[in-house]
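K.L.:
Data file work04.pdb (PDB, C-alpha atoms, pLDDT in the B column) is appended below.
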MODEL        1
ATOM      1  CA  MET A  62     -14.464  56.934 -57.193  1.00 88.00           C
ATOM      2  CA  PRO A  63     -10.657  57.158 -56.983  1.00 93.00           C
ATOM      3  CA  GLN A  64      -9.165  58.722 -53.876  1.00 94.00           C
ATOM      4  CA  LEU A  65      -6.550  60.487 -56.010  1.00 94.00           C
ATOM      5  CA  GLU A  66      -6.945  61.216 -59.687  1.00 96.00           C
ATOM      6  CA  ILE A  67      -4.587  63.062 -62.022  1.00 96.00           C
ATOM      7  CA  VAL A  68      -5.914  64.059 -65.436  1.00 97.00           C
ATOM      8  CA  ASP A  69      -3.807  65.338 -68.369  1.00 98.00           C
ATOM      9  CA  LEU A  70      -1.208  66.956 -66.114  1.00 97.00           C
ATOM     10  CA  LYS A  71       1.563  69.102 -67.548  1.00 96.00           C
ATOM     11  CA  ALA A  72       4.336  70.776 -65.567  1.00 96.00           C
ATOM     12  CA  SER A  73       7.533  72.515 -66.609  1.00 93.00           C
ATOM     13  CA  TYR A  74      10.585  74.213 -65.196  1.00 89.00           C
ATOM     14  CA  GLY A  75      10.992  77.240 -67.426  1.00 88.00           C
ATOM     15  CA  PRO A  76      11.149  76.069 -71.037  1.00 92.00           C
ATOM     16  CA  HIS A  77      11.824  72.445 -70.008  1.00 92.00           C
ATOM     17  CA  THR A  78       8.644  70.322 -69.908  1.00 94.00           C
ATOM     18  CA  VAL A  79       9.046  67.617 -67.268  1.00 93.00           C
ATOM     19  CA  LEU A  80       5.538  66.169 -67.114  1.00 95.00           C
ATOM     20  CA  GLU A  81       3.276  65.870 -70.158  1.00 96.00           C
ATOM     21  CA  ARG A  82      -0.138  64.158 -70.430  1.00 96.00           C
ATOM     22  CA  ILE A  83       0.152  62.456 -67.023  1.00 96.00           C
ATOM     23  CA  ASN A  84      -2.931  60.457 -66.028  1.00 97.00           C
ATOM     24  CA  LEU A  85      -3.162  58.440 -62.835  1.00 95.00           C
ATOM     25  CA  SER A  86      -5.973  57.015 -60.763  1.00 96.00           C
ATOM     26  CA  VAL A  87      -5.410  55.613 -57.267  1.00 95.00           C
ATOM     27  CA  GLU A  88      -8.116  53.925 -55.229  1.00 95.00           C
ATOM     28  CA  LYS A  89      -8.257  54.155 -51.442  1.00 93.00           C
ATOM     29  CA  GLY A  90      -5.875  51.602 -49.921  1.00 92.00           C
ATOM     30  CA  GLU A  91      -4.092  51.010 -53.216  1.00 93.00           C
ATOM     31  CA  ILE A  92      -0.296  51.098 -53.201  1.00 92.00           C
ATOM     32  CA  VAL A  93       1.366  52.653 -56.226  1.00 91.00           C
ATOM     33  CA  SER A  94       5.079  52.983 -56.938  1.00 87.00           C
ATOM     34  CA  LEU A  95       6.644  55.491 -59.306  1.00 88.00           C
ATOM     35  CA  ILE A  96       9.744  54.006 -60.840  1.00 89.00           C
ATOM     36  CA  GLY A  97      12.030  55.632 -63.357  1.00 90.00           C
ATOM     37  CA  PRO A  98      15.494  56.999 -63.988  1.00 92.00           C
ATOM     38  CA  SER A  99      16.799  60.176 -62.456  1.00 89.00           C
ATOM     39  CA  GLY A 100      15.231  63.176 -64.157  1.00 87.00           C
ATOM     40  CA  SER A 101      12.123  61.340 -65.361  1.00 91.00           C
ATOM     41  CA  GLY A 102       9.728  63.477 -63.273  1.00 92.00           C
ATOM     42  CA  LYS A 103       8.948  61.393 -60.174  1.00 91.00           C
ATOM     43  CA  SER A 104       9.821  64.150 -57.705  1.00 90.00           C
ATOM     44  CA  THR A 105       8.266  66.787 -59.952  1.00 93.00           C
ATOM     45  CA  LEU A 106       4.963  64.917 -59.848  1.00 94.00           C
ATOM     46  CA  LEU A 107       5.102  64.877 -56.045  1.00 92.00           C
ATOM     47  CA  ARG A 108       5.995  68.584 -55.988  1.00 92.00           C
ATOM     48  CA  VAL A 109       2.934  69.338 -58.139  1.00 95.00           C
ATOM     49  CA  LEU A 110       0.680  67.194 -55.924  1.00 94.00           C
ATOM     50  CA  MET A 111       1.836  69.111 -52.823  1.00 92.00           C
ATOM     51  CA  GLY A 112       1.431  72.511 -54.465  1.00 93.00           C
ATOM     52  CA  LEU A 113       5.161  73.236 -54.467  1.00 92.00           C
ATOM     53  CA  LEU A 114       5.042  73.568 -58.266  1.00 93.00           C
ATOM     54  CA  GLN A 115       1.944  74.781 -60.078  1.00 92.00           C
ATOM     55  CA  PRO A 116       0.777  72.655 -63.009  1.00 94.00           C
ATOM     56  CA  GLU A 117       0.465  74.332 -66.394  1.00 94.00           C
ATOM     57  CA  ARG A 118      -2.427  72.154 -67.460  1.00 95.00           C
ATOM     58  CA  GLY A 119      -4.581  69.348 -66.186  1.00 96.00           C
ATOM     59  CA  SER A 120      -6.242  68.650 -62.896  1.00 95.00           C
ATOM     60  CA  VAL A 121      -5.726  66.827 -59.629  1.00 95.00           C
ATOM     61  CA  LEU A 122      -8.744  65.499 -57.781  1.00 94.00           C
ATOM     62  CA  LEU A 123      -8.671  64.346 -54.173  1.00 93.00           C
ATOM     63  CA  ASN A 124     -11.770  62.364 -53.167  1.00 92.00           C
ATOM     64  CA  GLY A 125     -13.575  63.728 -56.233  1.00 92.00           C
ATOM     65  CA  SER A 126     -12.842  67.408 -55.532  1.00 93.00           C
ATOM     66  CA  GLU A 127     -10.522  69.296 -57.851  1.00 94.00           C
ATOM     67  CA  VAL A 128      -7.564  70.980 -56.181  1.00 94.00           C
ATOM     68  CA  ASN A 129      -7.293  74.687 -56.974  1.00 94.00           C
ATOM     69  CA  TYR A 130      -3.538  75.234 -56.881  1.00 93.00           C
ATOM     70  CA  ALA A 131      -3.986  78.983 -57.407  1.00 93.00           C
ATOM     71  CA  ASP A 132      -5.779  79.257 -54.039  1.00 94.00           C
ATOM     72  CA  ARG A 133      -3.358  79.284 -51.084  1.00 92.00           C
ATOM     73  CA  THR A 134      -6.075  78.208 -48.664  1.00 93.00           C
ATOM     74  CA  ALA A 135      -6.926  75.205 -50.839  1.00 92.00           C
ATOM     75  CA  VAL A 136      -3.257  74.226 -51.048  1.00 93.00           C
ATOM     76  CA  ARG A 137      -2.902  74.496 -47.257  1.00 88.00           C
ATOM     77  CA  ALA A 138      -5.969  72.271 -46.828  1.00 87.00           C
ATOM     78  CA  LEU A 139      -4.546  69.798 -49.357  1.00 89.00           C
ATOM     79  CA  ARG A 140      -1.333  69.536 -47.342  1.00 87.00           C
ATOM     80  CA  LEU A 141      -3.349  68.397 -44.343  1.00 83.00           C
ATOM     81  CA  ASP A 142      -4.588  65.416 -46.372  1.00 88.00           C
ATOM     82  CA  ILE A 143      -1.443  64.477 -48.314  1.00 90.00           C
ATOM     83  CA  ALA A 144       2.029  63.784 -46.937  1.00 90.00           C
ATOM     84  CA  ILE A 145       5.259  63.028 -48.773  1.00 87.00           C
ATOM     85  CA  VAL A 146       8.649  61.857 -47.603  1.00 86.00           C
ATOM     86  CA  PHE A 147      11.408  63.827 -49.236  1.00 78.00           C
ATOM     87  CA  GLN A 148      14.545  62.096 -50.456  1.00 76.00           C
ATOM     88  CA  GLN A 149      16.657  64.404 -48.244  1.00 77.00           C
ATOM     89  CA  TYR A 150      14.465  63.735 -45.158  1.00 77.00           C
ATOM     90  CA  ASN A 151      14.451  67.437 -44.106  1.00 85.00           C
ATOM     91  CA  LEU A 152      14.594  66.627 -40.391  1.00 93.00           C
ATOM     92  CA  PHE A 153      15.112  69.508 -37.982  1.00 94.00           C
ATOM     93  CA  GLN A 154      18.699  69.038 -36.814  1.00 95.00           C
ATOM     94  CA  ASN A 155      18.119  70.906 -33.530  1.00 96.00           C
ATOM     95  CA  MET A 156      15.231  68.638 -32.513  1.00 97.00           C
ATOM     96  CA  THR A 157      15.171  65.100 -31.184  1.00 97.00           C
ATOM     97  CA  VAL A 158      13.618  62.238 -33.124  1.00 98.00           C
ATOM     98  CA  ILE A 159      10.376  62.361 -31.157  1.00 98.00           C
ATOM     99  CA  ASP A 160      10.157  66.153 -31.461  1.00 97.00           C
ATOM    100  CA  ASN A 161      10.610  65.891 -35.247  1.00 97.00           C
ATOM    101  CA  VAL A 162       7.668  63.483 -35.399  1.00 97.00           C
ATOM    102  CA  MET A 163       5.498  65.578 -33.059  1.00 97.00           C
ATOM    103  CA  ILE A 164       6.014  69.059 -34.500  1.00 95.00           C
ATOM    104  CA  THR A 165       3.396  69.103 -37.258  1.00 91.00           C
ATOM    105  CA  PRO A 166       0.567  67.436 -35.311  1.00 94.00           C
ATOM    106  CA  THR A 167       1.091  69.797 -32.357  1.00 95.00           C
ATOM    107  CA  LYS A 168       1.989  73.066 -34.113  1.00 91.00           C
ATOM    108  CA  ILE A 169      -0.035  72.865 -37.338  1.00 86.00           C
ATOM    109  CA  LYS A 170      -2.926  70.538 -36.521  1.00 87.00           C
ATOM    110  CA  ARG A 171      -2.986  71.609 -32.848  1.00 91.00           C
ATOM    111  CA  TRP A 172      -3.752  68.117 -31.599  1.00 95.00           C
ATOM    112  CA  PRO A 173      -3.373  67.429 -27.850  1.00 96.00           C
ATOM    113  CA  ARG A 174       0.286  66.948 -26.955  1.00 96.00           C
ATOM    114  CA  ALA A 175      -0.240  63.787 -24.876  1.00 96.00           C
ATOM    115  CA  GLU A 176      -2.130  62.104 -27.730  1.00 96.00           C
ATOM    116  CA  VAL A 177       0.482  63.203 -30.284  1.00 97.00           C
ATOM    117  CA  GLU A 178       3.339  61.968 -28.097  1.00 97.00           C
ATOM    118  CA  GLN A 179       1.787  58.519 -27.675  1.00 98.00           C
ATOM    119  CA  ASN A 180       1.139  58.294 -31.416  1.00 97.00           C
ATOM    120  CA  ALA A 181       4.747  59.354 -32.130  1.00 97.00           C
ATOM    121  CA  ILE A 182       6.092  56.677 -29.787  1.00 98.00           C
ATOM    122  CA  ASN A 183       3.863  54.073 -31.464  1.00 98.00           C
ATOM    123  CA  LEU A 184       5.008  55.120 -34.956  1.00 98.00           C
ATOM    124  CA  LEU A 185       8.680  55.177 -33.999  1.00 98.00           C
ATOM    125  CA  THR A 186       8.265  51.738 -32.451  1.00 98.00           C
ATOM    126  CA  ARG A 187       6.696  50.478 -35.703  1.00 97.00           C
ATOM    127  CA  VAL A 188       9.704  51.729 -37.689  1.00 97.00           C
ATOM    128  CA  GLY A 189      12.163  50.200 -35.207  1.00 97.00           C
ATOM    129  CA  LEU A 190      13.347  53.393 -33.515  1.00 97.00           C
ATOM    130  CA  ALA A 191      11.759  53.234 -30.049  1.00 96.00           C
ATOM    131  CA  HIS A 192      15.257  53.150 -28.573  1.00 97.00           C
ATOM    132  CA  ARG A 193      16.252  56.413 -30.364  1.00 97.00           C
ATOM    133  CA  LEU A 194      13.418  58.756 -29.266  1.00 97.00           C
ATOM    134  CA  HIS A 195      15.783  61.307 -27.740  1.00 98.00           C
ATOM    135  CA  ALA A 196      18.560  61.097 -30.312  1.00 97.00           C
ATOM    136  CA  TYR A 197      19.273  63.937 -32.727  1.00 97.00           C
ATOM    137  CA  PRO A 198      19.324  63.409 -36.501  1.00 96.00           C
ATOM    138  CA  HIS A 199      23.124  63.703 -36.724  1.00 96.00           C
ATOM    139  CA  GLU A 200      23.356  60.713 -34.359  1.00 97.00           C
ATOM    140  CA  LEU A 201      21.377  58.489 -36.742  1.00 96.00           C
ATOM    141  CA  SER A 202      22.309  56.585 -39.873  1.00 95.00           C
ATOM    142  CA  GLY A 203      20.755  57.607 -43.169  1.00 93.00           C
ATOM    143  CA  GLY A 204      18.313  54.704 -42.996  1.00 94.00           C
ATOM    144  CA  GLN A 205      17.260  55.661 -39.482  1.00 96.00           C
ATOM    145  CA  GLN A 206      16.732  59.268 -40.580  1.00 95.00           C
ATOM    146  CA  GLN A 207      14.581  58.015 -43.455  1.00 94.00           C
ATOM    147  CA  ARG A 208      12.452  56.012 -41.006  1.00 96.00           C
ATOM    148  CA  VAL A 209      12.010  59.102 -38.803  1.00 97.00           C
ATOM    149  CA  ALA A 210      10.840  61.002 -41.896  1.00 95.00           C
ATOM    150  CA  ILE A 211       8.331  58.222 -42.647  1.00 95.00           C
ATOM    151  CA  ALA A 212       7.039  58.291 -39.051  1.00 97.00           C
ATOM    152  CA  ARG A 213       6.775  62.099 -39.263  1.00 95.00           C
ATOM    153  CA  ALA A 214       4.705  61.842 -42.452  1.00 93.00           C
ATOM    154  CA  LEU A 215       2.429  59.215 -40.886  1.00 95.00           C
ATOM    155  CA  ALA A 216       2.011  61.282 -37.703  1.00 95.00           C
ATOM    156  CA  VAL A 217      -0.389  63.677 -39.420  1.00 91.00           C
ATOM    157  CA  LYS A 218      -2.621  60.743 -40.400  1.00 92.00           C
ATOM    158  CA  PRO A 219      -2.714  61.679 -44.089  1.00 91.00           C
ATOM    159  CA  LYS A 220      -5.330  60.358 -46.459  1.00 89.00           C
ATOM    160  CA  VAL A 221      -2.605  59.945 -49.079  1.00 91.00           C
ATOM    161  CA  LEU A 222       1.096  59.258 -48.408  1.00 89.00           C
TER     162      LEU A 222
ENDMDL
END
Using the file provided, produce a representation of the structure as structure tokens.

P.N.:
Amino acid sequence: MPQLEIVDLKASYGPHTVLERINLSVEKGEIVSLIGPSGSGKSTLLRVLMGLLQPERGSVLLNGSEVNYADRTAVRALRLDIAIVFQQYNLFQNMTVIDNVMITPTKIKRWPRAEVEQNAINLLTRVGLAHRLHAYPHELSGGQQQRVAIARALAVKPKVL
């Protein structure tokens, strides 16, 4: 059984159809890349997966269960299992690197702070930013900000990234 399955997905912005007849199956541990020109629907597909844009047709299944995008509770639960890294990073400018990585596990998942902090340090070390724990986003290069965003996404231990 695929961990993530998309069946006959359609999504539009107003009258402009962006995604049409999208089918995708991803097994646990499989790495998939979406490649295409600007405007081809890569970000739109991610927005649909996260419930930021409701599909017009089709279904998304996570571990065999269909996601009900009309149900806010189901979408909130989905967001605990799936994480994405936005192209613009969306780091909190008033928070340090480590605080950016720790915010969701402590505030949303309510995991113990000491455990979250150690995990954040480990993740930031893995992405080569152990020396920048207390820096602010404006003090980092674009690549460093991207790595913080990746560590932040991994910090919630998603089933799908």

K.L.:
Evaluate the PyMOL selection byres ((chain A and resi 118) around 6) on the structure here and hand back the selected residues as a VMD selection string.

P.N.:
chain A and resid 70 to 71 116 to 117 119

K.L.:
Just give me the gap between atom CA of A:Arg137 and atom CA of A:Leu113 in Å, one decimal is fine.

P.N.:
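According to the coordinates, atom CA of A:Arg137 and atom CA of A:Leu113 are separated by 10.9 Å.
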
K.L.:
Just want the 10 Å neighbourhood of A:Asn161, counted on all atoms listed in the file, with same-chain residues fewer than 4 positions away dropped. Output as number ranges by chain.

P.N.:
A: 151-157, 165, 181, 194, 197-198, 209-210, 212-213

K.L.:
Go ahead and save the picked residues with C-alpha atoms, as a PDB file, keeping the file's coordinate frame.

P.N.:
ATOM      1  CA  ASN A 151      14.451  67.437 -44.106  1.00 85.00           C
ATOM      2  CA  LEU A 152      14.594  66.627 -40.391  1.00 93.00           C
ATOM      3  CA  PHE A 153      15.112  69.508 -37.982  1.00 94.00           C
ATOM      4  CA  GLN A 154      18.699  69.038 -36.814  1.00 95.00           C
ATOM      5  CA  ASN A 155      18.119  70.906 -33.530  1.00 96.00           C
ATOM      6  CA  MET A 156      15.231  68.638 -32.513  1.00 97.00           C
ATOM      7  CA  THR A 157      15.171  65.100 -31.184  1.00 97.00           C
ATOM      8  CA  THR A 165       3.396  69.103 -37.258  1.00 91.00           C
ATOM      9  CA  ALA A 181       4.747  59.354 -32.130  1.00 97.00           C
ATOM     10  CA  LEU A 194      13.418  58.756 -29.266  1.00 97.00           C
ATOM     11  CA  TYR A 197      19.273  63.937 -32.727  1.00 97.00           C
ATOM     12  CA  PRO A 198      19.324  63.409 -36.501  1.00 96.00           C
ATOM     13  CA  VAL A 209      12.010  59.102 -38.803  1.00 97.00           C
ATOM     14  CA  ALA A 210      10.840  61.002 -41.896  1.00 95.00           C
ATOM     15  CA  ALA A 212       7.039  58.291 -39.051  1.00 97.00           C
ATOM     16  CA  ARG A 213       6.775  62.099 -39.263  1.00 95.00           C
TER      17      ARG A 213
END

K.L.:
If the PyMOL selection byres ((chain A and resi 86) around 12) is run on the structure shown, which residues does it catch, given as a PyMOL selection string?

P.N.:
chain A and resi 62-69+83-85+87-89+91-93+120-125

K.L.:
When you draw a straight line from atom CA of A:Leu95 to atom CA of A:Ile145, how long is it in Å?

P.N.:
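Separation between atom CA of A:Leu95 and atom CA of A:Ile145: 13.0 Å.
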
K.L.:
For stretch 78-111 of chain A, where the input has fewer atoms than it should, I would like N, CA and C atoms rebuilt and written as an mmCIF file, in the frame of the given file.

P.N.:
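Result saved to part.cif:
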data_model
loop_
_atom_site.group_PDB
_atom_site.id
_atom_site.type_symbol
_atom_site.label_atom_id
_atom_site.label_comp_id
_atom_site.auth_asym_id
_atom_site.auth_seq_id
_atom_site.Cartn_x
_atom_site.Cartn_y
_atom_site.Cartn_z
ATOM 1 N N THR A 78 9.824 71.079 -70.325
ATOM 2 C CA THR A 78 8.644 70.322 -69.908
ATOM 3 C C THR A 78 9.109 69.022 -69.256
ATOM 4 N N VAL A 79 8.654 68.811 -68.022
ATOM 5 C CA VAL A 79 9.046 67.617 -67.268
ATOM 6 C C VAL A 79 7.922 66.580 -67.280
ATOM 7 N N LEU A 80 6.707 67.054 -67.111
ATOM 8 C CA LEU A 80 5.538 66.169 -67.114
ATOM 9 C C LEU A 80 4.619 66.577 -68.258
ATOM 10 N N GLU A 81 4.154 65.600 -69.018
ATOM 11 C CA GLU A 81 3.276 65.870 -70.158
ATOM 12 C C GLU A 81 2.240 64.754 -70.255
ATOM 13 N N ARG A 82 0.969 65.117 -70.290
ATOM 14 C CA ARG A 82 -0.138 64.158 -70.430
ATOM 15 C C ARG A 82 -0.081 63.047 -69.372
ATOM 16 N N ILE A 83 0.102 63.431 -68.124
ATOM 17 C CA ILE A 83 0.152 62.456 -67.023
ATOM 18 C C ILE A 83 -1.269 62.179 -66.546
ATOM 19 N N ASN A 84 -1.624 60.908 -66.517
ATOM 20 C CA ASN A 84 -2.931 60.457 -66.028
ATOM 21 C C ASN A 84 -2.693 59.331 -65.031
ATOM 22 N N LEU A 85 -3.349 59.437 -63.888
ATOM 23 C CA LEU A 85 -3.162 58.440 -62.835
ATOM 24 C C LEU A 85 -4.426 58.389 -61.996
ATOM 25 N N SER A 86 -4.815 57.201 -61.614
ATOM 26 C CA SER A 86 -5.973 57.015 -60.763
ATOM 27 C C SER A 86 -5.584 56.042 -59.657
ATOM 28 N N VAL A 87 -5.786 56.442 -58.413
ATOM 29 C CA VAL A 87 -5.410 55.613 -57.267
ATOM 30 C C VAL A 87 -6.622 55.459 -56.351
ATOM 31 N N GLU A 88 -6.997 54.221 -56.119
ATOM 32 C CA GLU A 88 -8.116 53.925 -55.229
ATOM 33 C C GLU A 88 -7.653 53.952 -53.774
ATOM 34 N N LYS A 89 -8.579 54.168 -52.870
ATOM 35 C CA LYS A 89 -8.257 54.155 -51.442
ATOM 36 C C LYS A 89 -7.665 52.805 -51.068
ATOM 37 N N GLY A 90 -6.537 52.825 -50.354
ATOM 38 C CA GLY A 90 -5.875 51.602 -49.921
ATOM 39 C C GLY A 90 -4.930 51.012 -50.948
ATOM 40 N N GLU A 91 -4.969 51.514 -52.164
ATOM 41 C CA GLU A 91 -4.092 51.010 -53.216
ATOM 42 C C GLU A 91 -2.677 51.538 -53.017
ATOM 43 N N ILE A 92 -1.707 50.709 -53.303
ATOM 44 C CA ILE A 92 -0.296 51.098 -53.201
ATOM 45 C C ILE A 92 0.259 51.210 -54.609
ATOM 46 N N VAL A 93 0.828 52.375 -54.902
ATOM 47 C CA VAL A 93 1.366 52.653 -56.226
ATOM 48 C C VAL A 93 2.813 53.085 -56.074
ATOM 49 N N SER A 94 3.670 52.589 -56.938
ATOM 50 C CA SER A 94 5.079 52.983 -56.938
ATOM 51 C C SER A 94 5.392 53.709 -58.236
ATOM 52 N N LEU A 95 6.144 54.785 -58.132
ATOM 53 C CA LEU A 95 6.644 55.491 -59.306
ATOM 54 C C LEU A 95 8.102 55.101 -59.477
ATOM 55 N N ILE A 96 8.397 54.497 -60.591
ATOM 56 C CA ILE A 96 9.744 54.006 -60.840
ATOM 57 C C ILE A 96 10.235 54.601 -62.150
ATOM 58 N N GLY A 97 11.459 55.088 -62.134
ATOM 59 C CA GLY A 97 12.030 55.632 -63.357
ATOM 60 C C GLY A 97 13.407 56.186 -63.091
ATOM 61 N N PRO A 98 14.138 56.470 -64.160
ATOM 62 C CA PRO A 98 15.494 56.999 -63.988
ATOM 63 C C PRO A 98 15.485 58.411 -63.427
ATOM 64 N N SER A 99 16.627 58.814 -62.946
ATOM 65 C CA SER A 99 16.799 60.176 -62.456
ATOM 66 C C SER A 99 16.412 61.155 -63.560
ATOM 67 N N GLY A 100 15.631 62.169 -63.186
ATOM 68 C CA GLY A 100 15.231 63.176 -64.157
ATOM 69 C C GLY A 100 13.971 62.842 -64.933
ATOM 70 N N SER A 101 13.316 61.733 -64.598
ATOM 71 C CA SER A 101 12.123 61.340 -65.361
ATOM 72 C C SER A 101 10.836 61.997 -64.863
ATOM 73 N N GLY A 102 10.896 62.725 -63.730
ATOM 74 C CA GLY A 102 9.728 63.477 -63.273
ATOM 75 C C GLY A 102 9.030 62.955 -62.035
ATOM 76 N N LYS A 103 9.598 61.957 -61.367
ATOM 77 C CA LYS A 103 8.948 61.393 -60.174
ATOM 78 C C LYS A 103 8.795 62.455 -59.075
ATOM 79 N N SER A 104 9.871 63.116 -58.744
ATOM 80 C CA SER A 104 9.821 64.150 -57.705
ATOM 81 C C SER A 104 8.997 65.348 -58.157
ATOM 82 N N THR A 105 9.060 65.669 -59.430
ATOM 83 C CA THR A 105 8.266 66.787 -59.952
ATOM 84 C C THR A 105 6.779 66.506 -59.781
ATOM 85 N N LEU A 106 6.366 65.277 -60.041
ATOM 86 C CA LEU A 106 4.963 64.917 -59.848
ATOM 87 C C LEU A 106 4.556 65.107 -58.390
ATOM 88 N N LEU A 107 5.397 64.694 -57.470
ATOM 89 C CA LEU A 107 5.102 64.877 -56.045
ATOM 90 C C LEU A 107 5.074 66.361 -55.673
ATOM 91 N N ARG A 108 5.968 67.136 -56.242
ATOM 92 C CA ARG A 108 5.995 68.584 -55.988
ATOM 93 C C ARG A 108 4.700 69.240 -56.481
ATOM 94 N N VAL A 109 4.206 68.809 -57.631
ATOM 95 C CA VAL A 109 2.934 69.338 -58.139
ATOM 96 C C VAL A 109 1.795 68.934 -57.199
ATOM 97 N N LEU A 110 1.748 67.661 -56.810
ATOM 98 C CA LEU A 110 0.680 67.194 -55.924
ATOM 99 C C LEU A 110 0.614 68.012 -54.639
ATOM 100 N N MET A 111 1.778 68.367 -54.081
ATOM 101 C CA MET A 111 1.836 69.111 -52.823
ATOM 102 C C MET A 111 1.677 70.617 -52.999
#
